[in-house]
>>> print(open('target.cif').read())   # mmCIF, C-alpha atoms
data_model
#
loop_
_atom_site.label_atom_id
_atom_site.label_comp_id
_atom_site.auth_asym_id
_atom_site.auth_seq_id
_atom_site.Cartn_x
_atom_site.Cartn_y
_atom_site.Cartn_z
CA MET A 1 80.35 207.60 44.06
CA GLU A 2 80.99 208.87 40.55
CA HIS A 3 79.72 206.96 37.54
CA ILE A 4 83.27 206.04 36.52
CA ALA A 5 84.02 204.70 40.00
CA PHE A 6 80.77 202.72 39.93
CA ILE A 7 81.63 201.14 36.58
CA LYS A 8 85.19 200.44 37.78
CA THR A 9 83.86 198.67 40.86
CA LEU A 10 81.38 196.64 38.82
CA VAL A 11 84.00 195.58 36.26
CA GLY A 12 86.51 194.77 38.99
CA ILE A 13 84.12 192.50 40.89
CA LEU A 14 82.93 190.86 37.69
CA ALA A 15 86.52 190.25 36.54
CA ILE A 16 87.62 188.60 39.75
CA VAL A 17 84.45 186.51 40.12
CA ASN A 18 84.87 185.49 36.45
CA PRO A 19 81.67 183.46 35.88
CA LEU A 20 82.86 182.37 32.42
CA GLY A 21 85.83 180.65 34.04
CA ALA A 22 83.46 178.64 36.23
CA ILE A 23 81.55 177.17 33.28
CA PRO A 24 83.77 174.07 32.78
CA VAL A 25 83.64 173.26 36.52
CA PHE A 26 79.87 173.82 36.62
CA LEU A 27 79.30 171.54 33.63
CA SER A 28 81.50 168.80 35.07
CA LEU A 29 79.74 168.91 38.45
CA CYS A 30 76.28 168.95 36.88
CA GLY A 31 76.99 166.40 34.17
CA GLU A 32 74.93 163.62 35.77
CA ARG A 33 72.20 165.86 37.17
CA SER A 34 68.83 166.70 35.67
CA PRO A 35 68.22 170.13 34.05
CA LYS A 36 66.00 171.05 37.01
CA GLU A 37 68.79 170.23 39.48
CA ALA A 38 71.31 172.16 37.39
CA ARG A 39 69.06 175.23 37.40
CA ALA A 40 68.65 174.96 41.17
CA ILE A 41 72.43 174.72 41.60
CA ALA A 42 72.90 177.81 39.40
CA ARG A 43 70.37 179.75 41.49
CA ILE A 44 71.85 178.74 44.85
CA THR A 45 75.37 179.47 43.62
CA ALA A 46 74.44 182.99 42.52
CA LEU A 47 72.62 183.68 45.79
CA SER A 48 75.58 182.42 47.81
CA VAL A 49 78.03 184.58 45.84
CA GLY A 50 75.89 187.67 46.41
CA LEU A 51 75.41 186.93 50.11
CA VAL A 52 79.11 186.29 50.82
CA LEU A 53 80.23 189.46 49.04
CA LEU A 54 77.50 191.59 50.63
CA ILE A 55 78.44 190.40 54.11
CA SER A 56 82.10 191.10 53.33
CA THR A 57 81.25 194.63 52.19
CA TRP A 58 79.25 195.56 55.26
CA ALA A 59 81.02 193.54 57.96
CA GLY A 60 84.57 193.51 56.60
CA LYS A 61 85.87 196.53 58.52
CA PRO A 62 84.55 195.43 61.95
CA LEU A 63 86.11 192.00 61.45
CA LEU A 64 89.46 193.52 60.52
CA THR A 65 89.27 195.80 63.56
CA PHE A 66 88.46 192.82 65.78
CA PHE A 67 91.57 191.00 64.59
CA GLY A 68 93.71 194.13 64.74
CA ILE A 69 94.37 194.26 60.98
CA GLY A 70 94.79 197.70 59.45
CA ILE A 71 93.18 198.59 56.14
CA PRO A 72 96.54 199.52 54.51
CA SER A 73 97.95 196.09 55.37
CA PHE A 74 94.80 194.36 54.16
CA ARG A 75 94.81 196.40 50.96
CA THR A 76 98.44 195.48 50.26
CA GLY A 77 97.89 191.80 51.02
CA GLY A 78 94.65 191.69 49.08
CA GLY A 79 96.27 193.39 46.12
CA LEU A 80 99.09 190.85 46.15
CA LEU A 81 96.58 188.00 46.24
CA ILE A 82 94.60 189.51 43.36
CA LEU A 83 97.82 189.96 41.36
CA LEU A 84 98.77 186.30 41.89
CA MET A 85 95.28 185.22 40.80
CA ALA A 86 95.54 187.48 37.75
CA ILE A 87 98.84 185.86 36.77
CA ALA A 88 97.21 182.42 37.04
CA MET A 89 94.28 183.62 34.93
CA MET A 90 96.68 184.98 32.30
CA HIS A 91 97.86 181.39 31.93
CA ALA A 92 94.21 180.25 31.79
CA LYS A 93 94.57 178.34 35.05
CA GLN A 94 92.48 178.28 38.20
CA SER A 95 94.37 179.90 41.04
CA ARG A 96 95.24 177.66 44.00
CA ALA A 97 94.03 180.53 46.18
CA LYS A 98 90.55 179.81 44.94
CA ARG A 99 90.54 176.02 44.68
CA SER A 100 92.89 173.38 46.03
CA PRO A 101 93.48 169.82 44.70
CA GLU A 102 92.00 168.45 47.93
CA GLU A 103 88.78 170.39 47.30
CA GLU A 104 88.63 169.09 43.74
CA ASP A 105 89.02 165.50 44.93
CA ALA A 106 86.24 165.98 47.47
CA ASP A 107 83.70 167.28 44.94
CA SER A 108 82.31 163.84 44.14
CA ASP A 109 81.63 163.19 47.83
CA LYS A 110 79.51 166.31 48.31
CA GLU A 111 75.78 166.23 47.83
CA ASP A 112 75.37 169.95 47.31
CA VAL A 113 78.05 171.58 45.15
CA ALA A 114 76.31 174.94 44.80
CA VAL A 115 77.81 176.55 47.90
CA VAL A 116 81.06 174.56 48.01
CA PRO A 117 83.03 174.55 45.76
CA LEU A 118 81.13 176.64 43.16
CA ALA A 119 80.22 179.73 45.21
CA ILE A 120 83.03 179.37 47.74
CA PRO A 121 85.88 179.41 46.90
CA LEU A 122 85.60 179.18 43.10
CA LEU A 123 83.61 182.38 42.50
CA ALA A 124 83.52 184.29 45.79
CA GLY A 125 87.09 183.47 46.76
CA PRO A 126 89.63 185.35 48.89
CA GLY A 127 90.45 187.77 46.06
CA ALA A 128 86.81 188.80 45.55
CA ILE A 129 86.28 189.16 49.29
CA SER A 130 89.41 191.29 49.60
CA LEU A 131 88.27 193.54 46.76
CA VAL A 132 84.81 194.26 48.21
CA VAL A 133 86.17 194.77 51.74
CA VAL A 134 88.57 197.43 50.43
CA ALA A 135 85.83 198.98 48.26
CA GLY A 136 83.51 199.13 51.26
CA GLN A 137 86.20 200.78 53.34
CA GLN A 138 86.83 203.39 50.62
CA ALA A 139 83.11 204.25 50.42
CA ALA A 140 82.68 207.88 51.45
CA ASN A 141 79.10 207.51 52.69
CA LEU A 142 76.13 205.19 52.99
CA MET A 143 75.04 205.81 49.40
CA ASP A 144 78.43 204.72 48.06
CA ARG A 145 78.23 201.50 50.04
CA LEU A 146 74.71 200.89 48.73
CA LEU A 147 76.02 201.37 45.18
CA ILE A 148 78.76 198.82 45.84
CA SER A 149 76.06 196.45 47.06
CA LEU A 150 74.16 197.11 43.84
CA CYS A 151 77.29 196.15 41.88
CA ILE A 152 77.47 192.89 43.84
CA LEU A 153 73.82 192.11 43.15
CA ALA A 154 74.39 192.81 39.45
CA VAL A 155 77.37 190.44 39.43
CA ALA A 156 75.32 187.77 41.23
CA LEU A 157 72.64 188.14 38.55
CA ILE A 158 75.27 187.77 35.81
CA VAL A 159 76.60 184.65 37.56
CA TRP A 160 73.09 183.17 37.62
CA ILE A 161 72.43 183.90 33.94
CA THR A 162 75.88 182.62 32.92
CA LEU A 163 75.44 179.32 34.76
CA LEU A 164 71.92 178.88 33.39
CA LEU A 165 73.37 179.27 29.90
CA ALA A 166 76.58 177.38 30.70
CA GLU A 167 76.01 174.58 28.18
CA PRO A 168 75.29 176.75 25.10
CA ILE A 169 78.01 179.25 26.11
CA GLY A 170 80.51 176.43 26.55
CA LYS A 171 79.63 174.95 23.16
CA ARG A 172 79.76 178.32 21.40
CA LEU A 173 83.02 179.58 22.90
CA GLY A 174 84.79 176.27 23.38
CA ILE A 175 87.87 175.84 25.55
CA THR A 176 89.83 178.36 23.48
CA GLY A 177 87.17 181.05 23.79
CA LEU A 178 86.82 180.54 27.54
CA ASN A 179 90.59 180.73 27.95
CA ILE A 180 90.73 183.99 25.98
CA ALA A 181 87.98 185.49 28.16
CA THR A 182 89.81 184.34 31.29
CA ARG A 183 93.06 185.96 30.09
CA ILE A 184 91.28 189.26 29.42
CA MET A 185 89.80 189.19 32.93
CA GLY A 186 93.27 188.39 34.27
CA LEU A 187 94.74 191.44 32.53
CA LEU A 188 92.11 193.69 34.15
CA LEU A 189 92.73 192.10 37.53
CA SER A 190 96.49 192.57 37.31
CA ALA A 191 96.01 196.34 36.99
CA ILE A 192 93.57 196.37 39.93
CA GLY A 193 95.94 194.30 42.07
CA ILE A 194 98.94 196.53 41.36
CA GLN A 195 96.90 199.65 42.14
CA MET A 196 95.77 198.17 45.47
CA ILE A 197 99.36 197.24 46.37
CA ALA A 198 100.61 200.73 45.47
CA GLU A 199 97.90 202.45 47.53
CA GLY A 200 98.49 200.15 50.48
CA LEU A 201 102.25 200.69 50.44
CA GLN A 202 101.79 204.47 50.22
CA GLN A 203 99.67 204.35 53.38
CA LEU A 204 102.05 202.00 55.19
CA PHE A 205 105.12 204.01 54.13
CA PRO A 206 104.09 207.66 53.56
CA GLY A 207 107.65 208.50 52.46
CA LEU A 208 107.10 206.56 49.23
CA SER A 209 104.52 209.07 47.94
#
>>> encode(input="target.cif", output="structure tokens")
Amino acid sequence: MEHIAFIKTLVGILAIVNPLGAIPVFLSLCGERSPKEARAIARITALSVGLVLLISTWAGKPLLTFFGIGIPSFRTGGGLLILLMAIAMMHAKQSRAKRSPEEEDADSDKEDVAVVPLAIPLLAGPGAISLVVVAGQQAANLMDRLLISLCILAVALIVWITLLLAEPIGKRLGITGLNIATRIMGLLLSAIGIQMIAEGLQQLFPGLS
């Protein structure tokens, strides 16, 4: 994997996970918890995000094969999902593909919010899973897949640090700053989604190329 491809993969995963966008949700869920509990939630959330994306990278292709789903179809569908999420982010909104109203209403009834809804589906949602599955499939060799895994671990570390510093970051950036960051991430994601759709369609319909 070339350095540019490595950076592209890292930025793509970071953009779709969007830890800054999770800060308001994290603060609201941890509002009545002690600092120690909040730190534990941040740690478990980051570990869960890393684990889900790593499993998707290494086991994504066998699962698709088991269900009879071709990579071109998955790439096209995943690209469309990412594009829809990017459009929602451009409007500074949480995509319904990542979090439903029913899940929001159920938050108060859940003892542990680190895995659900913070890690899944808020951070490691369908779009992020689709992206790493496609990236894993495009890996030319074992080293490339290991580098993708390294990108995922780096993103998980960034998620952990971001959530640990959620309160000062939220106060410094404010709602406006967080919305601007979310829109920038959405712009990056829209380009990634369109590229995935184009590549998938070219493979499904070779006559288009």
>>> atom_distance(input="target.cif", atom1="atom CA of A:Thr176", atom2="atom CA of A:Val17")
19.3 Å
>>> residues_around(input="target.cif", residues="stretch 189-203 of chain A", least_positions_apart="3", cutoff="12 Å", atoms="all atoms listed in the file", output="ChimeraX atom specification")
/A:8-9,11-18,70-90,127-128,130-135,138,182-186,206-209
>>> write_last_selection(input="target.cif", atoms="C-alpha atoms", output="compact mmCIF listing (two decimals), keeping the file's coordinate frame")
# COMPACT_ATOMS: atom_id res chain seq x y z
CA LYS A 8 85.19 200.44 37.78
CA THR A 9 83.86 198.67 40.86
CA VAL A 11 84.00 195.58 36.26
CA GLY A 12 86.51 194.77 38.99
CA ILE A 13 84.12 192.50 40.89
CA LEU A 14 82.93 190.86 37.69
CA ALA A 15 86.52 190.25 36.54
CA ILE A 16 87.62 188.60 39.75
CA VAL A 17 84.45 186.51 40.12
CA ASN A 18 84.87 185.49 36.45
CA GLY A 70 94.79 197.70 59.45
CA ILE A 71 93.18 198.59 56.14
CA PRO A 72 96.54 199.52 54.51
CA SER A 73 97.95 196.09 55.37
CA PHE A 74 94.80 194.36 54.16
CA ARG A 75 94.81 196.40 50.96
CA THR A 76 98.44 195.48 50.26
CA GLY A 77 97.89 191.80 51.02
CA GLY A 78 94.65 191.69 49.08
CA GLY A 79 96.27 193.39 46.12
CA LEU A 80 99.09 190.85 46.15
CA LEU A 81 96.58 188.00 46.24
CA ILE A 82 94.60 189.51 43.36
CA LEU A 83 97.82 189.96 41.36
CA LEU A 84 98.77 186.30 41.89
CA MET A 85 95.28 185.22 40.80
CA ALA A 86 95.54 187.48 37.75
CA ILE A 87 98.84 185.86 36.77
CA ALA A 88 97.21 182.42 37.04
CA MET A 89 94.28 183.62 34.93
CA MET A 90 96.68 184.98 32.30
CA GLY A 127 90.45 187.77 46.06
CA ALA A 128 86.81 188.80 45.55
CA SER A 130 89.41 191.29 49.60
CA LEU A 131 88.27 193.54 46.76
CA VAL A 132 84.81 194.26 48.21
CA VAL A 133 86.17 194.77 51.74
CA VAL A 134 88.57 197.43 50.43
CA ALA A 135 85.83 198.98 48.26
CA GLN A 138 86.83 203.39 50.62
CA THR A 182 89.81 184.34 31.29
CA ARG A 183 93.06 185.96 30.09
CA ILE A 184 91.28 189.26 29.42
CA MET A 185 89.80 189.19 32.93
CA GLY A 186 93.27 188.39 34.27
CA PRO A 206 104.09 207.66 53.56
CA GLY A 207 107.65 208.50 52.46
CA LEU A 208 107.10 206.56 49.23
CA SER A 209 104.52 209.07 47.94
>>> atom_distance(input="target.cif", atom1="atom CA of A:Ala156", atom2="atom CA of A:Phe67")
28.6 Å
>>> atom_distance(input="target.cif", atom1="atom CA of A:Pro168", atom2="atom CA of A:Val113")
20.9 Å
>>> resolve_selection(input="target.cif", expression="the PyMOL selection byres ((chain A and resi 169) around 12)", output="list of chain:residue names")
A:Pro19, A:Leu20, A:Gly21, A:Ala22, A:Ile23, A:Pro24, A:Phe26, A:Leu27, A:Ile161, A:Thr162, A:Leu163, A:Leu164, A:Leu165, A:Ala166, A:Glu167, A:Pro168, A:Gly170, A:Lys171, A:Arg172, A:Leu173, A:Gly174, A:Ile175, A:Gly177, A:Leu178, A:Ala181
>>> resolve_selection(input="target.cif", expression="the PyMOL selection byres ((chain A and resi 47-53) around 7)", output="PDB file with C-alpha atoms, in the coordinates of the input")
ATOM      1  CA  ARG A  43      70.370 179.750  41.490  1.00  0.00           C
ATOM      2  CA  ILE A  44      71.850 178.740  44.850  1.00  0.00           C
ATOM      3  CA  THR A  45      75.370 179.470  43.620  1.00  0.00           C
ATOM      4  CA  ALA A  46      74.440 182.990  42.520  1.00  0.00           C
ATOM      5  CA  LEU A  54      77.500 191.590  50.630  1.00  0.00           C
ATOM      6  CA  ILE A  55      78.440 190.400  54.110  1.00  0.00           C
ATOM      7  CA  SER A  56      82.100 191.100  53.330  1.00  0.00           C
ATOM      8  CA  THR A  57      81.250 194.630  52.190  1.00  0.00           C
ATOM      9  CA  VAL A 115      77.810 176.550  47.900  1.00  0.00           C
ATOM     10  CA  ALA A 119      80.220 179.730  45.210  1.00  0.00           C
ATOM     11  CA  LEU A 123      83.610 182.380  42.500  1.00  0.00           C
ATOM     12  CA  ALA A 124      83.520 184.290  45.790  1.00  0.00           C
ATOM     13  CA  ILE A 129      86.280 189.160  49.290  1.00  0.00           C
ATOM     14  CA  VAL A 132      84.810 194.260  48.210  1.00  0.00           C
ATOM     15  CA  ILE A 152      77.470 192.890  43.840  1.00  0.00           C
ATOM     16  CA  LEU A 153      73.820 192.110  43.150  1.00  0.00           C
ATOM     17  CA  ALA A 156      75.320 187.770  41.230  1.00  0.00           C
TER      18      ALA A 156
END
>>> closest_residue(input="target.cif", among="A:Ile4, A:Leu188, A:Leu64, A:Leu118", to="A:Cys30", atoms="only C-alpha atoms")
A:Leu118
